[in-house]
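This report concerns only the one structure given below.
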Amino acid sequence: MTAPSLPPLTWITDASGLEEAARALSRAEAIGLDTETTGLDPYRSRLRLIQLATPEGVYLVDATRVRDLGPLKALLEAPRPIKVLHHAKFDAKFLRHRYGIRLAGVFDTMLASQLLGSADGHRLSAVASRWLGISLDKTMQRSDWSGALSDEQVRYAAQDAAILLPLRDAMRPALLADQLGRVAALEFAAAPAIGGIELAGIRLDGVKWLALAREREREHAALAEALHRELAGADPQLALFPELAVSTLNLNSVPQVMRALAQLGLSVPDTDDLTLGPLASAHPVIAKLLDYRHAAKALSSYGESFLSYIHPETGRIHPDFHQLGADTGRMAASNPNIQQIPNQERYRECFVPDPGRKLVIADYSQIELRILAEVTGDAKLRHAFESGQDLHKLTASMMFGTPLEQVSKGERQRAKALNFGMVYGMGPSGLATRIGSSLDEAKDLIERYFAAYPGVRSWLRQAGRKAVETGECTTLGGRRIRFTPPDPENRRAVAGVERFGKNAPLQGTSADITKRAIALLDARLPASSCIVNVVHDEIVVEAPAGSASEIAELLCETMRDAAATYLTRVPVTVEADVADSWVK
DNA sequence: TAGAATCGCCAC
DNA sequence: AAACGTGGCGATTCTA
């Protein structure tokens with residue numbers, strides 16, 4: 001379980017050494033690539049070492065002495081040799097920021113490990129141990145890399161790069177045996193591009209945001225005062241000491257609010273929006289409580305504290321994107337979660353381009369329903385998209401036998417709920433709650449929906465069954481989503497897996513498409529433009545004002561190309577807008 | 001008392 | 001009791 005002996009080390013401290021190394025490296029089929037930095041933030045930390053490994057030896061580039069990586073640029077940006085990295089996004093960000101190098105031809109052992117779906121733990125040490133039976137000492141990882149390096153640091157740095165080659169040799173056959181070659185190529189190509197998105201960040205107008213926050217603070221305070229009066233006044237005991245009551249009742253506490261409501265004669269099983277919403281019209285205090293919670297949420301998540309995410313050096317927000325954040329293959333984001341900014345204009349208009357530039361906002365229209373049409377092959381659903389007509393209206397027309405031009409608002413609304421519900425594996429009771437109908441009515445609607453789209457019924461049934469039986473779902477991009485099959489006796493667990501089995505291939509294929517678009521865009525966009533945000537089926541690019549309309553066209557075309565890689569029987573529509581803020 | 005668990009809610 | 005999928009996160013409450 002010890003590390004193999006280290007191949008010879010070659011220090012690179014000047015341009016001629018680098019050129020010689022580049023010649024040797026370009027002959028390799030694959031090279032291990034790793035970097036050591038003084039910190040995690042590309043804007044505030046420096047690259048200290050660049051380690052490049054071949055089976056013959058490891059080159060150590062002293063980045064404090066070699067400022068120009070020119071001789072390596074072509075090699076790092078070309079598809080060959082393969083660059084093997086662990087968590088390529090991290091190194092790619094530094095290389096792009098410090099040297100303008102757009103890393104390509106990547107094999108990422110971290111992503112490979114995640115795709116292979118082994119147990120948790122995808123750090124290099126865990127992966128090396130799992131695949132090579134080697135124990136790596138990572139104590140040097142967080143050591144001080146800013147000054148002179150100890151022998152131990154150098155050994156550690158070289159070993160991290162050297163280990164990547166045998167690691168790839170071990171993982172590649174496993175990926176191929178598991179039919180994961182296609183999705184691995186997709187993820188590997190997207191990784192440096194996603195690093196580019198983090199590096200670019202997105203500008204937030206702090207003045208505007210703060211004004212919005214202040215407005216909400218006033219709202220919040222007024223609602224809190226009114227609620228305290230109404231809720232505390234109801235308690236005969238507390239009514240004797242209203243001042244005390246005002247200071248003790250915590251409006252953010254579910255049990256406390258529940259008790260206070262009970263004293264008003266309003267006993268509720270839950271205090272969430274779904275439960276209280278229908279009661280709001282009859283009870284003003286509940287309406288006020290919901291308003292209060294809205295303001296409280298706005299303030300805690302999207303108040304003044306949000307400004308701390310603005311990077312002092314760039315003046316922009318640089319969220320973390322988790323490439324394989326969801327089991328379905330979707331990305332997740334954090335610090336902040338840029339994918340859950342309120343969809344209201346007053347928030348979104350605070351996200352702006354630099355002066356003289358524009359935001360180009362593009363999104364796929366109803367992509368998951370188009371994927372549903374593709375995978376089910378349902379002739380009517382495919383035809384609906386081919387016709388280019390209003391899908392929900394068309395669905396309503398088929399469900400209710402109403403001529404297209406006579407479809408009522410209510411009919412269209414119900415058809416829309418059905419269309420969206422199908423993507424989530426919704427059942428009769430879920431639909432009934434959603435649209436406020438009886439269970440029988442919901443059952444009738446579902447029956448009408450499946451009568452309109454018979455191919456959808458059979459596919460969904462099969463997808464649910466397959467997930468339960470095999471413990472696996474697949475996407476059109478070749479992604480395999482594996483999980484422990486449910487206990488057949490556990491009806492709830494079985495139902496849950498059935499719903500997942502219906503949704504995951506659709507959501508996951510959507511992720512495949514968006515990631516493909518990200519990778520293609522990174523290669524096609526001119527250097528003056530960059531992707532600044534991605535929200536599942538939406539891509540935002542910042543571009544010079546003068547070329548924004550051309551970039552919009554390029555964005556649309558590229559997103560369509562990405563979709564066409566996986567959807568061959570259904571047309572895909574992309575809508576793009578050029579704007580001065582993140583508002584379409 | 002720190003961290004885990006839970007509730008509630010934001011997005012697509 | 002549950003009730004349509006995927007996440008992240010703030011505030012409160014629980015737990016060791």
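Ordering of the structure tokens sets the chain letters (A, B, ...), residue numbers begin anew at 1 in every chain, and ligands are numbered from 1 in the order given.
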Quick one: everything within 8 Å of DA3 (chain C), counting only C-alpha atoms (C1' of nucleotides), minus sequence neighbours fewer than 2 positions away in the same chain. Send it as a list of chain:residue names.
->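 Returned residues: A:Ser429, A:Gly430, A:Thr433.
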Output the contact residues of chain A with respect to chain C at a cut-off of 6 Å, based on only C-alpha atoms (C1' of nucleotides), as a list of chain:residue names.
->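 Residues satisfying the distance criterion: A:Gly421, A:Tyr424, A:Gly425, A:Met426, A:Ser429, A:Gly430, A:Asn503.
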Write out as a Markdown table the residues of chain B that have any atom within 8 Å of an atom of chain A, one row each with the nearest atom pair and its distance in Å to one decimal, counting only C-alpha atoms (C1' of nucleotides), sorted by chain and then rising number.
| residue | atom | partner | partner_atom | distance |
| --- | --- | --- | --- | --- |
| B:DC7 | C1' | A:Val254 | CA | 7.7 |
| B:DG8 | C1' | A:Asp272 | CA | 6.4 |
| B:DC9 | C1' | A:Lys297 | CA | 7.5 |
| B:DC10 | C1' | A:Gln340 | CA | 5.2 |
| B:DA11 | C1' | A:Gln340 | CA | 3.6 |
| B:DC12 | C1' | A:His536 | CA | 6.2 |
All alpha helix (DSSP H) positions in region 167-269 of chain A, as number ranges by chain = A: 167-177, 181-200, 206-233, 236-239, 242-248, 254-263
Name the closest residue to Cys530 (chain A) among the candidates A:Ala78, A:Ala92, A:Leu210, A:Ile197; distances are taken between atoms, counting only C-alpha atoms.
->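 Ranked by minimum distance to Cys530 (chain A), first place goes to A:Ile197.
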Region 62-71 of chain A surroundings by only C-alpha atoms (C1' of nucleotides), 6 Å radius, close-in-sequence under 3 positions cut, as a CSV table (one decimal) with N, CA and C atoms, in the first residue's frame:
chain,number,residue,atom,x,y,z
A,13,THR,N,13.3,26.0,-14.9
A,13,THR,CA,13.4,27.4,-14.3
A,13,THR,C,13.6,28.5,-15.4
A,14,ASP,N,13.7,28.1,-16.7
A,14,ASP,CA,13.8,29.1,-17.7
A,14,ASP,C,13.2,28.7,-19.0
A,19,GLU,N,11.1,24.8,-23.3
A,19,GLU,CA,10.9,24.3,-24.7
A,19,GLU,C,11.4,22.9,-24.8
A,48,ARG,N,2.4,28.2,-7.9
A,48,ARG,CA,3.7,28.0,-7.5
A,48,ARG,C,4.5,27.0,-8.3
A,49,LEU,N,3.8,25.9,-8.6
A,49,LEU,CA,4.4,24.8,-9.3
A,49,LEU,C,3.4,24.3,-10.4
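When DSSP is run on the backbone, the residues of region 17-142 of chain A that fall into strand (DSSP E) are Ala30, Ile31, Gly32, Leu33, Asp34, Thr35, Glu36, Thr37, Leu47, Arg48, Leu49, Ile50, Gln51, Leu52, Ala53, Val58, Tyr59, Leu60, Val61, Asp62, Ile82, Lys83, Val84, Leu85, Val106, Phe107 and Asp108 of chain A.
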Using N, CA and C atoms, can you export the residues from the last selection as a PDB file, in the first residue's frame?
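See part.pdb below for the written result:
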ATOM      1  N   ALA A  30      -0.250  10.672 -23.245  1.00  0.00           N
ATOM      2  CA  ALA A  30      -0.967  11.349 -22.161  1.00  0.00           C
ATOM      3  C   ALA A  30       0.040  11.866 -21.153  1.00  0.00           C
ATOM      4  N   ILE A  31      -0.309  12.972 -20.521  1.00  0.00           N
ATOM      5  CA  ILE A  31       0.564  13.481 -19.466  1.00  0.00           C
ATOM      6  C   ILE A  31      -0.245  13.760 -18.209  1.00  0.00           C
ATOM      7  N   GLY A  32       0.351  13.506 -17.076  1.00  0.00           N
ATOM      8  CA  GLY A  32      -0.281  13.859 -15.808  1.00  0.00           C
ATOM      9  C   GLY A  32      -0.025  15.337 -15.561  1.00  0.00           C
ATOM     10  N   LEU A  33      -1.061  16.055 -15.137  1.00  0.00           N
ATOM     11  CA  LEU A  33      -0.918  17.499 -14.931  1.00  0.00           C
ATOM     12  C   LEU A  33      -1.508  17.894 -13.589  1.00  0.00           C
ATOM     13  N   ASP A  34      -0.721  18.597 -12.812  1.00  0.00           N
ATOM     14  CA  ASP A  34      -1.202  19.069 -11.520  1.00  0.00           C
ATOM     15  C   ASP A  34      -0.505  20.394 -11.231  1.00  0.00           C
ATOM     16  N   THR A  35      -1.119  21.184 -10.372  1.00  0.00           N
ATOM     17  CA  THR A  35      -0.477  22.447  -9.996  1.00  0.00           C
ATOM     18  C   THR A  35      -0.501  22.600  -8.483  1.00  0.00           C
ATOM     19  N   GLU A  36       0.416  23.371  -7.974  1.00  0.00           N
ATOM     20  CA  GLU A  36       0.364  23.769  -6.566  1.00  0.00           C
ATOM     21  C   GLU A  36       0.218  25.281  -6.550  1.00  0.00           C
ATOM     22  N   THR A  37      -0.687  25.759  -5.706  1.00  0.00           N
ATOM     23  CA  THR A  37      -0.965  27.193  -5.632  1.00  0.00           C
ATOM     24  C   THR A  37      -0.875  27.641  -4.180  1.00  0.00           C
ATOM     25  N   LEU A  47       0.156  30.748  -8.680  1.00  0.00           N
ATOM     26  CA  LEU A  47       0.628  29.423  -9.054  1.00  0.00           C
ATOM     27  C   LEU A  47       2.060  29.304  -8.589  1.00  0.00           C
ATOM     28  N   ARG A  48       2.379  28.206  -7.932  1.00  0.00           N
ATOM     29  CA  ARG A  48       3.743  28.020  -7.454  1.00  0.00           C
ATOM     30  C   ARG A  48       4.483  27.004  -8.305  1.00  0.00           C
ATOM     31  N   LEU A  49       3.788  25.916  -8.611  1.00  0.00           N
ATOM     32  CA  LEU A  49       4.404  24.820  -9.345  1.00  0.00           C
ATOM     33  C   LEU A  49       3.437  24.262 -10.377  1.00  0.00           C
ATOM     34  N   ILE A  50       3.988  23.886 -11.533  1.00  0.00           N
ATOM     35  CA  ILE A  50       3.190  23.137 -12.504  1.00  0.00           C
ATOM     36  C   ILE A  50       3.921  21.826 -12.732  1.00  0.00           C
ATOM     37  N   GLN A  51       3.245  20.732 -12.434  1.00  0.00           N
ATOM     38  CA  GLN A  51       3.879  19.435 -12.549  1.00  0.00           C
ATOM     39  C   GLN A  51       3.330  18.713 -13.773  1.00  0.00           C
ATOM     40  N   LEU A  52       4.237  18.253 -14.625  1.00  0.00           N
ATOM     41  CA  LEU A  52       3.841  17.557 -15.851  1.00  0.00           C
ATOM     42  C   LEU A  52       4.534  16.205 -15.860  1.00  0.00           C
ATOM     43  N   ALA A  53       3.731  15.142 -15.875  1.00  0.00           N
ATOM     44  CA  ALA A  53       4.308  13.807 -15.735  1.00  0.00           C
ATOM     45  C   ALA A  53       4.173  12.984 -17.010  1.00  0.00           C
ATOM     46  N   VAL A  58       9.033  13.360 -14.315  1.00  0.00           N
ATOM     47  CA  VAL A  58       8.138  14.478 -14.003  1.00  0.00           C
ATOM     48  C   VAL A  58       8.895  15.791 -14.180  1.00  0.00           C
ATOM     49  N   TYR A  59       8.307  16.699 -14.949  1.00  0.00           N
ATOM     50  CA  TYR A  59       8.847  18.049 -15.080  1.00  0.00           C
ATOM     51  C   TYR A  59       8.182  18.938 -14.045  1.00  0.00           C
ATOM     52  N   LEU A  60       8.996  19.684 -13.335  1.00  0.00           N
ATOM     53  CA  LEU A  60       8.473  20.604 -12.333  1.00  0.00           C
ATOM     54  C   LEU A  60       8.768  22.025 -12.800  1.00  0.00           C
ATOM     55  N   VAL A  61       7.718  22.747 -13.182  1.00  0.00           N
ATOM     56  CA  VAL A  61       7.905  24.117 -13.647  1.00  0.00           C
ATOM     57  C   VAL A  61       7.769  25.049 -12.457  1.00  0.00           C
ATOM     58  N   ASP A  62       8.843  25.769 -12.180  1.00  0.00           N
ATOM     59  CA  ASP A  62       8.815  26.750 -11.092  1.00  0.00           C
ATOM     60  C   ASP A  62       8.111  28.006 -11.598  1.00  0.00           C
ATOM     61  N   ILE A  82      -3.339  13.777 -24.212  1.00  0.00           N
ATOM     62  CA  ILE A  82      -4.374  13.857 -23.180  1.00  0.00           C
ATOM     63  C   ILE A  82      -3.744  14.413 -21.902  1.00  0.00           C
ATOM     64  N   LYS A  83      -4.431  15.374 -21.304  1.00  0.00           N
ATOM     65  CA  LYS A  83      -3.980  15.894 -20.023  1.00  0.00           C
ATOM     66  C   LYS A  83      -4.813  15.244 -18.915  1.00  0.00           C
ATOM     67  N   VAL A  84      -4.149  14.507 -18.068  1.00  0.00           N
ATOM     68  CA  VAL A  84      -4.870  13.822 -16.989  1.00  0.00           C
ATOM     69  C   VAL A  84      -4.755  14.654 -15.720  1.00  0.00           C
ATOM     70  N   LEU A  85      -5.883  15.068 -15.195  1.00  0.00           N
ATOM     71  CA  LEU A  85      -5.904  15.879 -13.972  1.00  0.00           C
ATOM     72  C   LEU A  85      -6.922  15.320 -12.996  1.00  0.00           C
ATOM     73  N   VAL A 106      -8.863  16.930 -21.909  1.00  0.00           N
ATOM     74  CA  VAL A 106      -8.757  16.572 -20.489  1.00  0.00           C
ATOM     75  C   VAL A 106      -9.303  15.177 -20.195  1.00  0.00           C
ATOM     76  N   PHE A 107      -8.642  14.478 -19.303  1.00  0.00           N
ATOM     77  CA  PHE A 107      -9.214  13.305 -18.634  1.00  0.00           C
ATOM     78  C   PHE A 107      -9.199  13.647 -17.158  1.00  0.00           C
ATOM     79  N   ASP A 108     -10.364  13.726 -16.561  1.00  0.00           N
ATOM     80  CA  ASP A 108     -10.458  14.154 -15.162  1.00  0.00           C
ATOM     81  C   ASP A 108     -10.774  12.947 -14.274  1.00  0.00           C
TER      82      ASP A 108
END
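Restricting the calculation to only C-alpha atoms, the smallest distance between Gly401 (chain A) and any of A:Met258, A:Val375, A:Leu381, A:Ala451 is found for A:Ala451.
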Which neighbours of region 175-192 of chain A fall inside 7 Å, counting only C-alpha atoms (C1' of nucleotides), when residues of the same chain fewer than 5 positions from it are skipped, and could you give them as a PyMOL selection string?
-> chain A and resi 88-89+92+103+106-108+112+116+477-479+515-516+518-519
Can those selected residues be exported to a file as a short mmCIF file (atom, residue, chain, number, x, y, z; two decimals), in the first residue's frame so that it contains N, CA and C atoms?
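In the end it all went to out_10.cif:
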data_model
loop_
_atom_site.label_atom_id
_atom_site.label_comp_id
_atom_site.auth_asym_id
_atom_site.auth_seq_id
_atom_site.Cartn_x
_atom_site.Cartn_y
_atom_site.Cartn_z
N ALA A 88 -9.99 18.94 -12.75
CA ALA A 88 -9.36 19.82 -13.75
C ALA A 88 -9.86 21.27 -13.66
N LYS A 89 -11.09 21.44 -13.22
CA LYS A 89 -11.67 22.78 -13.15
C LYS A 89 -10.77 23.73 -12.36
N ALA A 92 -7.54 24.46 -14.28
CA ALA A 92 -7.89 25.18 -15.50
C ALA A 92 -8.12 26.66 -15.21
N LEU A 103 -7.40 25.19 -21.35
CA LEU A 103 -7.07 23.77 -21.29
C LEU A 103 -8.07 22.94 -22.09
N VAL A 106 -8.86 16.93 -21.91
CA VAL A 106 -8.76 16.57 -20.49
C VAL A 106 -9.30 15.18 -20.19
N PHE A 107 -8.64 14.48 -19.30
CA PHE A 107 -9.21 13.30 -18.63
C PHE A 107 -9.20 13.65 -17.16
N ASP A 108 -10.36 13.73 -16.56
CA ASP A 108 -10.46 14.15 -15.16
C ASP A 108 -10.77 12.95 -14.27
N ALA A 112 -14.32 11.13 -13.40
CA ALA A 112 -14.42 9.71 -13.76
C ALA A 112 -14.89 8.90 -12.55
N LEU A 116 -18.33 6.80 -12.27
CA LEU A 116 -18.31 5.37 -12.01
C LEU A 116 -19.15 5.02 -10.78
N GLY A 477 -27.44 11.07 -23.30
CA GLY A 477 -26.01 11.33 -23.38
C GLY A 477 -25.17 10.16 -22.89
N GLY A 478 -25.84 9.07 -22.53
CA GLY A 478 -25.11 7.89 -22.07
C GLY A 478 -24.78 7.92 -20.59
N ARG A 479 -25.41 8.84 -19.87
CA ARG A 479 -25.21 8.91 -18.43
C ARG A 479 -25.96 7.78 -17.76
N LYS A 515 -24.62 20.86 -20.84
CA LYS A 515 -23.17 20.73 -20.69
C LYS A 515 -22.48 20.68 -22.05
N ARG A 516 -23.12 20.03 -22.98
CA ARG A 516 -22.58 19.99 -24.34
C ARG A 516 -22.52 21.41 -24.90
N ILE A 518 -22.27 24.18 -23.20
CA ILE A 518 -21.22 24.92 -22.49
C ILE A 518 -19.85 24.63 -23.12
N ALA A 519 -19.60 23.35 -23.37
CA ALA A 519 -18.30 22.97 -23.93
C ALA A 519 -18.13 23.54 -25.34
#
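Of note, CA of Arg348 (chain A) and CA of Glu542 (chain A) are spaced 14.9 Å apart.
The interatomic distance for the pair CA of Glu411 (chain A) and CA of Arg370 (chain A) works out to 21.2 Å.
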Within 8 Å of Asn335 (chain A), counting only C-alpha atoms (C1' of nucleotides), which residues show up once you throw out same-chain ones fewer than 6 positions away? Write them as a ChimeraX atom specification, please.
-> /A:309,318-320
Selected residues written out, N, CA and C atoms, as a PDB file, in the first residue's frame:
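Written output follows (selection.pdb):
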ATOM      1  N   TYR A 309     -20.657  38.546  -1.147  1.00  0.00           N
ATOM      2  CA  TYR A 309     -20.182  37.657  -2.206  1.00  0.00           C
ATOM      3  C   TYR A 309     -19.435  38.421  -3.304  1.00  0.00           C
ATOM      4  N   HIS A 318     -18.518  35.371  -7.934  1.00  0.00           N
ATOM      5  CA  HIS A 318     -17.940  34.170  -8.540  1.00  0.00           C
ATOM      6  C   HIS A 318     -18.468  32.926  -7.832  1.00  0.00           C
ATOM      7  N   PRO A 319     -19.642  32.437  -8.240  1.00  0.00           N
ATOM      8  CA  PRO A 319     -20.208  31.278  -7.546  1.00  0.00           C
ATOM      9  C   PRO A 319     -19.394  30.022  -7.830  1.00  0.00           C
ATOM     10  N   ASP A 320     -19.565  29.021  -6.973  1.00  0.00           N
ATOM     11  CA  ASP A 320     -18.989  27.700  -7.243  1.00  0.00           C
ATOM     12  C   ASP A 320     -20.026  26.882  -7.994  1.00  0.00           C
TER      13      ASP A 320
END
Report the distance between CA of Asn250 (chain A) and CA of Glu225 (chain A) in Å, rounded to one decimal place.
->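 Between CA of Asn250 (chain A) and CA of Glu225 (chain A) the gap works out to 11.6 Å.
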